[in-house]
file query00.cif (mmCIF, C-alpha atoms and all ligand atoms)
data_final
loop_
_atom_site.label_atom_id
_atom_site.label_comp_id
_atom_site.auth_asym_id
_atom_site.auth_seq_id
_atom_site.Cartn_x
_atom_site.Cartn_y
_atom_site.Cartn_z
CA MET A 1 13.52 28.00 27.46
CA LYS A 2 14.03 30.37 24.56
CA TYR A 3 11.34 32.65 23.17
CA TYR A 4 11.19 33.39 19.45
CA SER A 5 9.47 36.23 17.63
CA THR A 6 6.37 35.51 15.54
CA ASN A 7 7.98 37.66 12.83
CA LYS A 8 11.10 35.46 12.92
CA SER A 9 13.56 38.13 11.83
CA VAL A 10 15.46 38.32 15.14
CA PRO A 11 17.14 35.50 17.10
CA PRO A 12 15.29 33.86 20.02
CA VAL A 13 15.85 35.33 23.49
CA ALA A 14 15.80 34.13 27.11
CA LEU A 15 12.67 34.48 29.26
CA MET A 16 14.13 37.44 31.12
CA GLU A 17 14.56 39.37 27.89
CA ALA A 18 11.12 38.39 26.58
CA VAL A 19 9.53 39.63 29.81
CA THR A 20 11.52 42.83 30.13
CA LYS A 21 11.07 43.77 26.46
CA GLY A 22 7.47 42.67 25.96
CA LEU A 23 7.65 42.91 22.17
CA ALA A 24 10.46 41.52 19.99
CA ASN A 25 12.72 43.94 18.11
CA ASP A 26 11.08 43.02 14.81
CA ASN A 27 7.69 43.97 16.26
CA GLY A 28 6.70 40.29 16.59
CA LEU A 29 5.24 38.61 19.66
CA PHE A 30 7.30 36.21 21.73
CA MET A 31 6.43 32.51 21.68
CA PRO A 32 8.03 29.74 23.75
CA GLU A 33 10.13 27.49 21.53
CA ARG A 34 8.59 24.39 23.04
CA ILE A 35 5.35 23.52 24.78
CA LEU A 36 5.94 20.89 27.46
CA LYS A 37 3.10 18.40 27.71
CA PHE A 38 1.68 16.78 30.82
CA HIS A 39 1.61 13.01 31.02
CA PRO A 40 -2.04 11.97 30.50
CA SER A 41 -2.08 10.43 34.02
CA PHE A 42 -1.78 13.98 35.43
CA PHE A 43 -5.40 14.51 34.45
CA ASP A 44 -6.52 11.44 36.38
CA ARG A 45 -5.49 13.05 39.66
CA ILE A 46 -5.79 16.78 38.91
CA HIS A 47 -9.16 16.96 40.73
CA GLN A 48 -7.36 16.23 44.00
CA MET A 49 -5.15 19.29 43.62
CA SER A 50 -5.85 22.89 44.67
CA PHE A 51 -5.80 25.86 42.27
CA GLN A 52 -2.35 26.84 43.54
CA GLU A 53 -0.94 23.33 43.25
CA ILE A 54 -2.22 22.98 39.70
CA ALA A 55 -0.95 26.42 38.71
CA PHE A 56 2.50 25.63 40.09
CA GLU A 57 2.70 22.48 37.95
CA VAL A 58 1.68 24.48 34.88
CA ALA A 59 4.09 27.32 35.72
CA LYS A 60 6.98 24.85 36.03
CA ARG A 61 6.38 23.78 32.44
CA PHE A 62 6.52 27.36 31.20
CA PHE A 63 9.09 28.96 33.48
CA GLY A 64 10.78 26.10 35.36
CA GLU A 65 14.00 26.24 33.33
CA ASP A 66 14.47 29.95 34.05
CA VAL A 67 13.23 30.52 37.59
CA PRO A 68 14.30 28.50 40.66
CA GLU A 69 11.53 26.21 41.88
CA ASN A 70 11.16 27.88 45.30
CA THR A 71 10.89 31.34 43.78
CA LEU A 72 8.41 30.17 41.19
CA LYS A 73 6.28 28.56 43.84
CA GLU A 74 6.26 31.75 45.87
CA LEU A 75 5.30 33.83 42.80
CA VAL A 76 2.45 31.49 41.89
CA TYR A 77 1.10 31.19 45.42
CA ASP A 78 1.31 34.96 45.96
CA THR A 79 -0.50 35.59 42.66
CA LEU A 80 -3.30 33.14 43.36
CA SER A 81 -4.42 34.30 46.75
CA PHE A 82 -8.05 33.99 45.67
CA ASP A 83 -10.44 31.41 44.34
CA CYS A 84 -11.55 30.61 40.80
CA PRO A 85 -14.79 28.66 41.18
CA VAL A 86 -16.92 26.94 38.57
CA VAL A 87 -20.60 27.75 39.12
CA LYS A 88 -23.47 25.90 37.48
CA VAL A 89 -25.79 28.26 35.61
CA ASN A 90 -28.16 25.83 33.91
CA ASP A 91 -28.31 22.39 32.26
CA SER A 92 -24.73 21.66 31.29
CA VAL A 93 -23.54 25.25 31.29
CA TYR A 94 -21.05 26.47 33.88
CA SER A 95 -19.59 29.86 34.64
CA LEU A 96 -15.88 29.93 35.34
CA GLU A 97 -15.74 32.97 37.60
CA LEU A 98 -12.47 34.76 37.00
CA PHE A 99 -13.39 37.83 38.98
CA HIS A 100 -12.38 37.02 42.53
CA GLY A 101 -9.00 38.80 42.40
CA PRO A 102 -8.09 42.20 43.86
CA THR A 103 -9.66 44.25 41.01
CA LEU A 104 -12.36 41.66 40.25
CA ALA A 105 -11.02 40.97 36.75
CA PHE A 106 -9.34 37.90 35.28
CA LYS A 107 -6.33 40.01 34.35
CA ASP A 108 -5.35 40.17 38.02
CA VAL A 109 -3.54 36.86 37.62
CA GLY A 110 -1.32 37.94 34.74
CA GLY A 111 -0.86 41.41 36.16
CA ARG A 112 0.37 40.19 39.51
CA PHE A 113 2.42 37.31 38.17
CA MET A 114 4.21 39.52 35.68
CA ALA A 115 4.89 42.16 38.33
CA ARG A 116 6.44 39.58 40.62
CA LEU A 117 8.43 37.88 37.84
CA LEU A 118 9.77 41.20 36.58
CA GLY A 119 10.61 42.17 40.15
CA TYR A 120 12.58 38.93 40.45
CA PHE A 121 14.48 39.46 37.20
CA LEU A 122 15.29 43.08 38.05
CA GLN A 123 16.84 42.39 41.45
CA GLY A 124 20.09 44.31 41.52
CA PHE A 125 19.27 46.13 38.27
CA LYS A 126 20.33 49.75 38.61
CA LYS A 127 18.02 51.49 36.14
CA GLU A 128 14.35 52.17 36.64
CA VAL A 129 12.03 50.13 34.41
CA ASN A 130 9.01 51.75 32.78
CA VAL A 131 6.00 49.56 32.12
CA LEU A 132 3.67 50.87 29.40
CA VAL A 133 0.19 49.46 29.26
CA ALA A 134 -2.70 50.32 26.96
CA THR A 135 -6.10 49.48 28.38
CA SER A 136 -9.69 49.32 27.25
CA GLY A 137 -10.60 49.07 30.93
CA ASP A 138 -9.62 46.03 32.92
CA THR A 139 -5.98 45.58 31.96
CA GLY A 140 -5.11 48.96 33.42
CA SER A 141 -6.57 48.19 36.80
CA ALA A 142 -5.13 44.68 37.02
CA VAL A 143 -1.66 45.74 35.94
CA ALA A 144 -1.66 48.91 38.04
CA ASN A 145 -2.70 46.98 41.13
CA GLY A 146 -0.31 44.12 40.41
CA PHE A 147 2.64 46.52 40.11
CA TYR A 148 1.58 48.92 42.82
CA ASP A 149 4.55 49.72 45.03
CA VAL A 150 6.86 47.19 43.32
CA PRO A 151 10.33 48.82 43.75
CA GLY A 152 12.24 50.02 40.69
CA ILE A 153 9.23 49.89 38.36
CA LYS A 154 7.08 52.77 37.10
CA VAL A 155 3.79 52.04 35.35
CA TYR A 156 2.07 54.22 32.72
CA VAL A 157 -1.52 53.28 31.98
CA LEU A 158 -2.87 54.67 28.68
CA TYR A 159 -6.66 54.64 28.46
CA PRO A 160 -9.24 56.09 26.06
CA LYS A 161 -10.95 59.15 27.48
CA GLY A 162 -14.61 58.56 28.28
CA LEU A 163 -14.55 54.94 27.06
CA VAL A 164 -13.96 53.09 30.32
CA SER A 165 -16.45 52.72 33.16
CA ASP A 166 -16.22 54.92 36.28
CA ILE A 167 -15.16 52.00 38.45
CA GLN A 168 -12.50 50.86 36.00
CA GLU A 169 -11.13 54.39 35.80
CA LYS A 170 -11.00 54.68 39.58
CA GLN A 171 -9.05 51.46 39.84
CA PHE A 172 -6.04 52.80 37.98
CA THR A 173 -6.27 56.57 38.42
CA THR A 174 -6.45 56.68 42.20
CA LEU A 175 -3.40 54.67 43.23
CA GLY A 176 -0.62 57.24 42.82
CA LYS A 177 2.93 56.27 43.90
CA ASN A 178 4.57 54.40 40.98
CA ILE A 179 1.35 54.34 38.89
CA THR A 180 0.57 57.16 36.40
CA ALA A 181 -2.65 57.23 34.37
CA LEU A 182 -2.60 58.88 30.91
CA GLU A 183 -6.00 59.85 29.55
CA ILE A 184 -5.73 59.64 25.77
CA ASP A 185 -8.11 61.66 23.62
CA GLY A 186 -8.86 58.71 21.33
CA THR A 187 -9.78 55.01 21.24
CA PHE A 188 -8.17 51.90 22.71
CA ASP A 189 -6.52 51.24 19.35
CA ASP A 190 -4.84 54.66 19.59
CA CYS A 191 -3.54 53.74 23.05
CA GLN A 192 -2.21 50.43 21.78
CA ARG A 193 -0.57 52.13 18.79
CA LEU A 194 1.16 54.67 21.06
CA VAL A 195 2.59 51.88 23.20
CA LYS A 196 3.77 49.90 20.18
CA SER A 197 5.34 53.01 18.64
CA ALA A 198 7.20 53.71 21.86
CA PHE A 199 8.88 50.31 21.70
CA LEU A 200 10.01 50.95 18.15
CA ASP A 201 11.37 54.42 18.83
CA GLN A 202 15.14 54.29 19.03
CA GLU A 203 15.67 57.55 20.88
CA LEU A 204 13.16 56.61 23.54
CA ASN A 205 14.67 53.17 24.02
CA GLU A 206 18.14 54.62 24.39
CA ALA A 207 16.93 57.01 27.09
CA LEU A 208 14.61 54.68 29.01
CA VAL A 209 14.11 51.00 29.81
CA LEU A 210 10.63 50.25 28.49
CA THR A 211 8.46 47.18 28.74
CA SER A 212 4.85 46.32 28.12
CA ALA A 213 2.32 44.68 30.39
CA ASN A 214 -0.30 44.08 27.72
CA SER A 215 -1.15 40.50 26.88
CA ILE A 216 1.61 40.75 24.30
CA ASN A 217 3.87 40.06 27.29
CA VAL A 218 4.39 36.33 27.82
CA ALA A 219 4.41 36.76 31.62
CA ARG A 220 0.96 38.34 31.43
CA PHE A 221 -0.89 35.94 29.19
CA LEU A 222 0.66 32.51 29.82
CA PRO A 223 -0.44 32.39 33.50
CA GLN A 224 -4.03 32.73 32.30
CA SER A 225 -3.80 29.09 31.25
CA PHE A 226 -3.97 28.22 34.99
CA TYR A 227 -7.67 28.98 34.85
CA TYR A 228 -8.46 26.33 32.27
CA PHE A 229 -6.67 23.57 34.13
CA ASN A 230 -8.44 24.58 37.31
CA ALA A 231 -11.85 24.57 35.61
CA TYR A 232 -11.22 21.04 34.40
CA ALA A 233 -10.16 19.93 37.88
CA ARG A 234 -13.12 21.54 39.65
CA LEU A 235 -15.62 20.00 37.20
CA ARG A 236 -14.14 16.53 37.60
CA GLU A 237 -14.04 17.06 41.36
CA ALA A 238 -17.76 17.81 41.26
CA GLY A 239 -18.30 14.56 39.38
CA VAL A 240 -19.15 16.25 36.06
CA SER A 241 -18.12 14.12 33.10
CA GLY A 242 -18.36 14.79 29.36
CA ASP A 243 -16.25 16.62 26.81
CA ILE A 244 -15.52 20.19 27.78
CA VAL A 245 -16.09 23.17 25.52
CA PHE A 246 -14.72 26.56 26.64
CA SER A 247 -16.34 29.77 25.50
CA VAL A 248 -14.12 32.82 25.82
CA PRO A 249 -15.35 36.43 25.55
CA SER A 250 -12.49 37.86 23.51
CA GLY A 251 -10.86 41.15 22.64
CA ASN A 252 -7.11 40.88 22.23
CA PHE A 253 -7.38 37.09 22.43
CA GLY A 254 -4.82 36.69 25.22
CA ASN A 255 -7.23 34.67 27.32
CA LEU A 256 -8.27 32.38 24.51
CA THR A 257 -4.67 31.89 23.40
CA ALA A 258 -3.79 30.86 26.97
CA GLY A 259 -6.55 28.26 26.65
CA LEU A 260 -5.02 26.96 23.44
CA PHE A 261 -1.68 26.59 25.23
CA ALA A 262 -3.45 24.55 27.91
CA LYS A 263 -4.84 22.29 25.20
CA PHE A 264 -1.43 21.94 23.57
CA MET A 265 -0.07 20.95 27.00
CA GLY A 266 -2.54 18.08 27.03
CA LEU A 267 -5.61 19.48 28.80
CA PRO A 268 -8.59 17.59 27.37
CA VAL A 269 -10.65 20.32 25.67
CA LYS A 270 -13.03 19.47 22.85
CA ARG A 271 -13.06 22.93 21.32
CA PHE A 272 -13.02 26.65 22.02
CA VAL A 273 -15.74 29.12 21.24
CA ALA A 274 -14.40 32.56 20.33
CA ALA A 275 -17.11 34.95 21.47
CA ASN A 276 -16.98 38.45 19.94
CA ASN A 277 -19.04 41.58 20.29
CA GLU A 278 -19.45 43.76 17.19
CA ASN A 279 -15.68 43.85 16.91
CA ASP A 280 -15.87 40.58 15.04
CA ILE A 281 -12.53 40.39 13.24
CA VAL A 282 -11.77 36.85 14.41
CA TYR A 283 -15.37 35.70 13.90
CA LYS A 284 -15.05 36.81 10.27
CA TYR A 285 -11.67 35.16 9.95
CA LEU A 286 -13.09 31.85 11.17
CA GLN A 287 -15.89 32.11 8.59
CA SER A 288 -13.82 33.21 5.61
CA GLY A 289 -10.13 32.61 6.28
CA ASN A 290 -9.48 36.31 5.75
CA TYR A 291 -8.02 38.32 8.60
CA GLU A 292 -9.01 41.95 8.17
CA PRO A 293 -8.36 44.21 11.15
CA ARG A 294 -10.34 47.43 11.22
CA PRO A 295 -10.91 50.28 13.68
CA SER A 296 -12.74 49.19 16.82
CA VAL A 297 -16.29 50.28 17.60
CA ALA A 298 -17.53 51.04 21.12
CA THR A 299 -19.87 48.45 22.69
CA ILE A 300 -21.25 47.74 26.17
CA ALA A 301 -18.66 44.96 26.51
CA ASN A 302 -15.88 47.52 26.21
CA ALA A 303 -12.97 45.34 27.30
CA MET A 304 -13.53 43.45 24.05
CA ASP A 305 -13.55 46.52 21.79
CA VAL A 306 -10.44 45.61 19.85
CA GLY A 307 -10.07 46.08 16.12
CA ALA A 308 -6.68 44.40 15.69
CA PRO A 309 -6.38 41.56 18.23
CA SER A 310 -2.70 41.38 19.08
CA ASN A 311 -2.62 37.70 20.05
CA PHE A 312 -3.95 36.58 16.70
CA ALA A 313 -0.33 36.27 15.54
CA ARG A 314 0.22 33.68 18.28
CA ILE A 315 -2.82 31.69 17.24
CA LEU A 316 -1.57 31.57 13.65
CA GLU A 317 1.80 30.42 14.88
CA LEU A 318 0.37 27.64 17.08
CA TYR A 319 -1.49 26.23 14.08
CA ASN A 320 1.18 26.74 11.43
CA HIS A 321 -0.90 29.46 9.80
CA SER A 322 -3.54 26.96 8.72
CA HIS A 323 -7.07 28.31 8.74
CA GLN A 324 -8.34 24.77 8.50
CA ASN A 325 -6.48 23.68 11.63
CA ILE A 326 -7.59 26.74 13.54
CA ALA A 327 -11.21 26.26 12.53
CA ALA A 328 -11.01 22.63 13.69
CA ASP A 329 -10.31 23.76 17.27
CA MET A 330 -12.27 26.99 17.38
CA VAL A 331 -15.68 28.28 16.33
CA GLY A 332 -16.76 31.92 16.36
CA TYR A 333 -19.88 33.88 17.27
CA ARG A 334 -20.61 37.58 17.43
CA TYR A 335 -23.33 39.54 19.20
CA SER A 336 -24.69 43.06 19.11
CA ASP A 337 -25.24 45.21 22.20
CA GLN A 338 -28.95 44.47 21.91
CA GLU A 339 -28.31 40.72 21.97
CA ILE A 340 -25.94 41.11 24.92
CA ARG A 341 -28.66 42.96 26.86
CA GLU A 342 -31.27 40.32 25.98
CA THR A 343 -28.97 37.58 27.23
CA MET A 344 -28.23 39.30 30.54
CA LYS A 345 -31.94 39.78 31.12
CA GLU A 346 -32.96 36.29 30.09
CA VAL A 347 -30.33 34.52 32.19
CA TYR A 348 -31.09 36.63 35.23
CA THR A 349 -34.83 36.04 34.93
CA GLU A 350 -34.51 32.31 34.35
CA THR A 351 -31.65 31.37 36.65
CA ASN A 352 -30.99 34.35 38.91
CA TYR A 353 -27.36 34.35 37.68
CA MET A 354 -26.08 37.85 37.05
CA LEU A 355 -23.87 38.15 33.98
CA ASP A 356 -21.69 41.12 33.18
CA PRO A 357 -21.84 42.21 29.49
CA HIS A 358 -18.64 40.28 28.62
CA GLY A 359 -19.72 37.06 30.29
CA ALA A 360 -23.05 37.42 28.50
CA VAL A 361 -21.32 37.23 25.12
CA GLY A 362 -19.51 34.08 26.24
CA TYR A 363 -22.68 32.53 27.63
CA ARG A 364 -24.74 33.18 24.52
CA ALA A 365 -22.09 31.84 22.15
CA LEU A 366 -21.75 28.73 24.28
CA LYS A 367 -25.50 28.13 24.32
CA ALA A 368 -25.57 28.47 20.54
CA ASP A 369 -22.77 25.98 20.06
CA LEU A 370 -23.06 23.32 22.77
CA LYS A 371 -24.08 19.83 21.61
CA LEU A 372 -25.86 17.15 23.59
CA GLY A 373 -23.59 15.37 26.05
CA GLU A 374 -21.00 18.14 26.12
CA VAL A 375 -20.16 20.25 29.16
CA GLY A 376 -19.95 23.96 28.47
CA VAL A 377 -17.85 26.42 30.42
CA PHE A 378 -17.94 30.13 29.66
CA LEU A 379 -15.40 32.45 31.19
CA GLU A 380 -17.11 35.10 33.30
CA THR A 381 -14.34 37.65 32.89
CA ALA A 382 -15.52 40.46 35.17
CA HIS A 383 -17.71 40.99 38.19
CA PRO A 384 -21.07 42.55 37.15
CA ALA A 385 -20.45 45.38 39.63
CA LYS A 386 -17.62 46.61 37.41
CA PHE A 387 -20.33 47.44 34.87
CA THR A 388 -23.03 48.51 37.30
CA GLU A 389 -24.53 51.16 35.00
CA THR A 390 -25.05 48.78 32.10
CA VAL A 391 -26.17 45.88 34.26
CA GLU A 392 -28.71 47.99 36.13
CA SER A 393 -30.02 49.56 32.94
CA VAL A 394 -30.92 46.02 31.88
CA LEU A 395 -31.85 44.31 35.15
CA GLY A 396 -33.23 47.26 37.07
CA ALA A 397 -31.88 49.81 39.52
CA GLY A 398 -30.52 48.43 42.78
CA THR A 399 -29.82 44.90 41.51
CA VAL A 400 -26.04 45.18 41.72
CA VAL A 401 -24.33 45.11 45.08
CA LEU A 402 -20.90 46.75 45.04
CA PRO A 403 -18.33 44.42 46.66
CA GLU A 404 -16.19 45.90 49.41
CA LYS A 405 -13.04 45.70 47.25
CA LEU A 406 -14.62 48.05 44.72
CA ARG A 407 -16.14 50.39 47.26
CA ALA A 408 -12.66 51.10 48.58
CA PHE A 409 -11.49 52.23 45.09
CA MET A 410 -14.51 54.50 44.60
CA LYS A 411 -13.44 56.61 47.56
CA GLY A 412 -10.13 57.57 45.92
CA GLU A 413 -9.47 60.73 43.93
CA LYS A 414 -8.90 60.53 40.17
CA LEU A 415 -5.40 61.60 39.15
CA SER A 416 -4.67 61.47 35.42
CA ILE A 417 -2.75 63.37 32.77
CA PRO A 418 -4.58 64.20 29.50
CA LEU A 419 -2.67 63.51 26.26
CA SER A 420 -3.47 63.64 22.52
CA THR A 421 -3.19 60.64 20.19
CA GLU A 422 0.02 62.09 18.67
CA PHE A 423 3.04 59.90 19.28
CA ALA A 424 5.25 62.99 19.50
CA ASP A 425 3.31 64.19 22.55
CA PHE A 426 3.55 60.83 24.28
CA LYS A 427 7.25 60.60 23.55
CA GLN A 428 7.89 64.09 24.87
CA PHE A 429 5.98 63.25 28.01
CA LEU A 430 8.08 60.15 28.67
CA LEU A 431 11.35 61.94 27.96
CA ASN A 432 10.50 64.87 30.24
CA LYS A 433 9.06 63.02 33.18
C1 LIG A 501 -9.66 41.85 28.83
C2 LIG A 501 -11.06 41.40 28.94
C3 LIG A 501 -11.65 40.59 27.97
C4 LIG A 501 -10.92 40.17 26.72
O1 LIG A 501 -9.79 39.38 26.98
P1 LIG A 501 -8.66 39.16 25.86
O2 LIG A 501 -7.64 38.36 26.52
O3 LIG A 501 -8.17 40.54 25.49
O4 LIG A 501 -9.32 38.52 24.71
C5 LIG A 501 -12.94 40.16 28.17
N1 LIG A 501 -13.64 40.54 29.25
C6 LIG A 501 -13.12 41.34 30.20
C7 LIG A 501 -13.96 41.75 31.34
C8 LIG A 501 -11.82 41.78 30.08
O5 LIG A 501 -11.31 42.58 31.01
#

call {"tool": "encode", "arguments": {"input": "query00.cif", "output": "structure tokens"}}
result
Amino acid sequence: MKYYSTNKSVPPVALMEAVTKGLANDNGLFMPERILKFHPSFFDRIHQMSFQEIAFEVAKRFFGEDVPENTLKELVYDTLSFDCPVVKVNDSVYSLELFHGPTLAFKDVGGRFMARLLGYFLQGFKKEVNVLVATSGDTGSAVANGFYDVPGIKVYVLYPKGLVSDIQEKQFTTLGKNITALEIDGTFDDCQRLVKSAFLDQELNEALVLTSANSINVARFLPQSFYYFNAYARLREAGVSGDIVFSVPSGNFGNLTAGLFAKFMGLPVKRFVAANNENDIVYKYLQSGNYEPRPSVATIANAMDVGAPSNFARILELYNHSHQNIAADMVGYRYSDQEIRETMKEVYTETNYMLDPHGAVGYRALKADLKLGEVGVFLETAHPAKFTETVESVLGAGTVVLPEKLRAFMKGEKLSIPLSTEFADFKQFLLNK
């Protein structure tokens, strides 16, 4: 399968090149040339399949032409060594819990899958590969943990100083070995800009092999479509019928775009709800048809604090740049920090279900949009313990129990290198390392 650039000014490339480069040479995002559909009968028996079995079928449609079946199966099964349950919250609203992976974030799937796929492609490759990843919190930990100790690959995590939670910071600053954390004196958008500039810098690219593990990388974001297929299967398995609406707490829109791919592959989804915090660029686009990126603002759902969602270009491409077509499949909502807090409190009081701030945005948007007879699924994108401070400030001290996986990270010592937002400094650092 070839991958073309959303900017269309360079020729399509093979999967290996798309994964090792991350971003196309014309600064566009890679898109698969074709989306292979499932036969409708697949969905009549999907409820009998496990998460791994389903994911393998999906992965074959994306990567089956480029990776031998046995290898692909091993990569998928290794990546999905944990569960992805659908939990009923109330009435016809379900939480798709994506936080059962090693760092308790949904990005664990893409992080691990990409690490393993890159490892496969780089077998026998003589030069060291440098993975650059900008994070607003969870990407850094998922990617760092996915790539930890993978031979021949060095990872640089760029994160905004003081804008990620303590637990998130611990998850990518304490690993050491092939993982280096860079503490940038700026915002997430600055981190993302530094990474993008690095890929466009000729001198840097002549000296080093660089790739990105942000959701701009096809190996990171496409595997997230596994989740949607699994949600459908688990609901049908539980005997739940009715049209399914997915609500996705969104920042860079990688997760939601993966859902759109699932739909294009034939997964029966009635529509998607794009749930924003105050960084409501896509919400505004859905209302007006005008896409106007602007600097991000800090919120309590910080993994969604994105002012220029990188996957928006993919959404436009999927729908032939038609606002009308996009708005037919997707509705938008946006909530303030105050509304997020209210929702966490209300849901906990009424149902005992503990939402993290991101899941709360998804839940509230779903509640606002769900019609009678529909089944609503919101993606609970992080474990509440990853945002203990915020959750306890709303629900009361002592409500959050730290899972063992997180406790282990908290014991580690923070190792990070402070850097300015100047590209020249970042470049110098990479060249001198
Ligand atoms: C990354 C992340 C999001 C946003 O996902 P996108 O794919 O960037 O839209 C939402 N919630 C949490 C907890 C995240 O880590």

call {"tool": "atom_distance", "arguments": {"input": "query00.cif", "atom1": "CA of Tyr3 in chain A", "atom2": "CA of Met31 in chain A"}}
result
5.1 Å

call {"tool": "closest_residue", "arguments": {"input": "query00.cif", "among": "A:Ser247, A:Asn311, A:Ser95, A:Asn352", "to": "ligand LIG 501 (chain A)", "atoms": "only C-alpha atoms and all ligand atoms"}}
result
A:Asn311

call {"tool": "residues_around", "arguments": {"input": "query00.cif", "residues": "Phe121 in chain A", "least_positions_apart": "5", "cutoff": "9 Å", "atoms": "only C-alpha atoms", "output": "mmCIF file with C-alpha atoms, keeping the file's coordinate frame"}}
result
data_model
loop_
_atom_site.group_PDB
_atom_site.id
_atom_site.type_symbol
_atom_site.label_atom_id
_atom_site.label_comp_id
_atom_site.auth_asym_id
_atom_site.auth_seq_id
_atom_site.Cartn_x
_atom_site.Cartn_y
_atom_site.Cartn_z
ATOM 1 C CA MET A 16 14.130 37.440 31.120
ATOM 2 C CA VAL A 19 9.530 39.630 29.810
ATOM 3 C CA THR A 20 11.520 42.830 30.130
ATOM 4 C CA ARG A 116 6.440 39.580 40.620
#

call {"tool": "residues_around", "arguments": {"input": "query00.cif", "residues": "range 80-94 of chain A", "least_positions_apart": "3", "cutoff": "6 Å", "atoms": "only C-alpha atoms", "output": "PyMOL selection string"}}
result
chain A and resi 77+97-98+101+375-377

call {"tool": "closest_atom_pairs", "arguments": {"input": "query00.cif", "of": "chain A", "to": "ligand LIG 501 (chain A)", "cutoff": "9 Å", "atoms": "all atoms listed in the file", "output": "Markdown table"}}
result
| residue | atom | partner | partner_atom | distance |
| --- | --- | --- | --- | --- |
| A:Phe99 | CA | A:LIG501 | C7 | 8.6 |
| A:Ala105 | CA | A:LIG501 | O5 | 6.0 |
| A:Phe106 | CA | A:LIG501 | O5 | 6.6 |
| A:Lys107 | CA | A:LIG501 | O5 | 6.5 |
| A:Thr135 | CA | A:LIG501 | C1 | 8.4 |
| A:Ser136 | CA | A:LIG501 | C1 | 7.6 |
| A:Gly137 | CA | A:LIG501 | O5 | 6.5 |
| A:Asp138 | CA | A:LIG501 | O5 | 4.3 |
| A:Thr139 | CA | A:LIG501 | C1 | 6.1 |
| A:Ala142 | CA | A:LIG501 | O5 | 8.9 |
| A:Asn214 | CA | A:LIG501 | O3 | 8.9 |
| A:Ser215 | CA | A:LIG501 | O2 | 6.8 |
| A:Phe221 | CA | A:LIG501 | O2 | 7.7 |
| A:Gln224 | CA | A:LIG501 | O2 | 8.8 |
| A:Val248 | CA | A:LIG501 | O4 | 7.5 |
| A:Pro249 | CA | A:LIG501 | C5 | 5.2 |
| A:Ser250 | CA | A:LIG501 | O4 | 3.5 |
| A:Gly251 | CA | A:LIG501 | O4 | 3.7 |
| A:Asn252 | CA | A:LIG501 | O3 | 3.4 |
| A:Phe253 | CA | A:LIG501 | O4 | 3.3 |
| A:Gly254 | CA | A:LIG501 | O2 | 3.5 |
| A:Asn255 | CA | A:LIG501 | O2 | 3.8 |
| A:Leu256 | CA | A:LIG501 | O4 | 6.2 |
| A:Thr257 | CA | A:LIG501 | O2 | 7.8 |
| A:Ala258 | CA | A:LIG501 | O2 | 8.4 |
| A:Ala274 | CA | A:LIG501 | O4 | 9.0 |
| A:Ala301 | CA | A:LIG501 | N1 | 7.2 |
| A:Asn302 | CA | A:LIG501 | C6 | 7.9 |
| A:Ala303 | CA | A:LIG501 | C8 | 4.7 |
| A:Met304 | CA | A:LIG501 | C4 | 5.0 |
| A:Asp305 | CA | A:LIG501 | C4 | 8.5 |
| A:Val306 | CA | A:LIG501 | O3 | 7.9 |
| A:Pro309 | CA | A:LIG501 | O3 | 7.5 |
| A:Ser310 | CA | A:LIG501 | O3 | 8.5 |
| A:Asn311 | CA | A:LIG501 | O4 | 8.2 |
| A:Asp356 | CA | A:LIG501 | C7 | 8.0 |
| A:Pro357 | CA | A:LIG501 | C7 | 8.1 |
| A:His358 | CA | A:LIG501 | N1 | 5.0 |
| A:Gly359 | CA | A:LIG501 | N1 | 7.1 |
| A:Leu379 | CA | A:LIG501 | N1 | 8.5 |
| A:Glu380 | CA | A:LIG501 | C7 | 7.6 |
| A:Thr381 | CA | A:LIG501 | C7 | 4.4 |
| A:Ala382 | CA | A:LIG501 | C7 | 4.3 |
| A:His383 | CA | A:LIG501 | C7 | 7.8 |
| A:Lys386 | CA | A:LIG501 | C7 | 8.6 |

call {"tool": "residues_around", "arguments": {"input": "query00.cif", "residues": "Phe409 in chain A", "least_positions_apart": "4", "cutoff": "12 Å", "atoms": "all atoms listed in the file", "output": "PyMOL selection string"}}
result
chain A and resi 102-104+141+145+166-175+386+402-405+413-414

call {"tool": "residues_near_point", "arguments": {"input": "query00.cif", "point": "(0.6, 27.5, 31.2)", "cutoff": "12 Å", "atoms": "all atoms listed in the file", "output": "PyMOL selection string"}}
result
chain A and resi 32+34-38+54-64+76+110+218-230+255+257-267

call {"tool": "atom_distance", "arguments": {"input": "query00.cif", "atom1": "CA of Glu389 in chain A", "atom2": "CA of Val297 in chain A"}}
result
19.3 Å

call {"tool": "residues_near_point", "arguments": {"input": "query00.cif", "point": "(-1.9, 58.4, 35.3)", "cutoff": "9 Å", "atoms": "all atoms listed in the file", "output": "PyMOL selection string"}}
result
chain A and resi 155-158+172-176+179-183+414-418

call {"tool": "write_last_selection", "arguments": {"input": "query00.cif", "atoms": "C-alpha atoms", "output": "short mmCIF file (atom, residue, chain, number, x, y, z; two decimals), keeping the file's coordinate frame"}}
result
data_model
loop_
_atom_site.label_atom_id
_atom_site.label_comp_id
_atom_site.auth_asym_id
_atom_site.auth_seq_id
_atom_site.Cartn_x
_atom_site.Cartn_y
_atom_site.Cartn_z
CA VAL A 155 3.79 52.04 35.35
CA TYR A 156 2.07 54.22 32.72
CA VAL A 157 -1.52 53.28 31.98
CA LEU A 158 -2.87 54.67 28.68
CA PHE A 172 -6.04 52.80 37.98
CA THR A 173 -6.27 56.57 38.42
CA THR A 174 -6.45 56.68 42.20
CA LEU A 175 -3.40 54.67 43.23
CA GLY A 176 -0.62 57.24 42.82
CA ILE A 179 1.35 54.34 38.89
CA THR A 180 0.57 57.16 36.40
CA ALA A 181 -2.65 57.23 34.37
CA LEU A 182 -2.60 58.88 30.91
CA GLU A 183 -6.00 59.85 29.55
CA LYS A 414 -8.90 60.53 40.17
CA LEU A 415 -5.40 61.60 39.15
CA SER A 416 -4.67 61.47 35.42
CA ILE A 417 -2.75 63.37 32.77
CA PRO A 418 -4.58 64.20 29.50
#
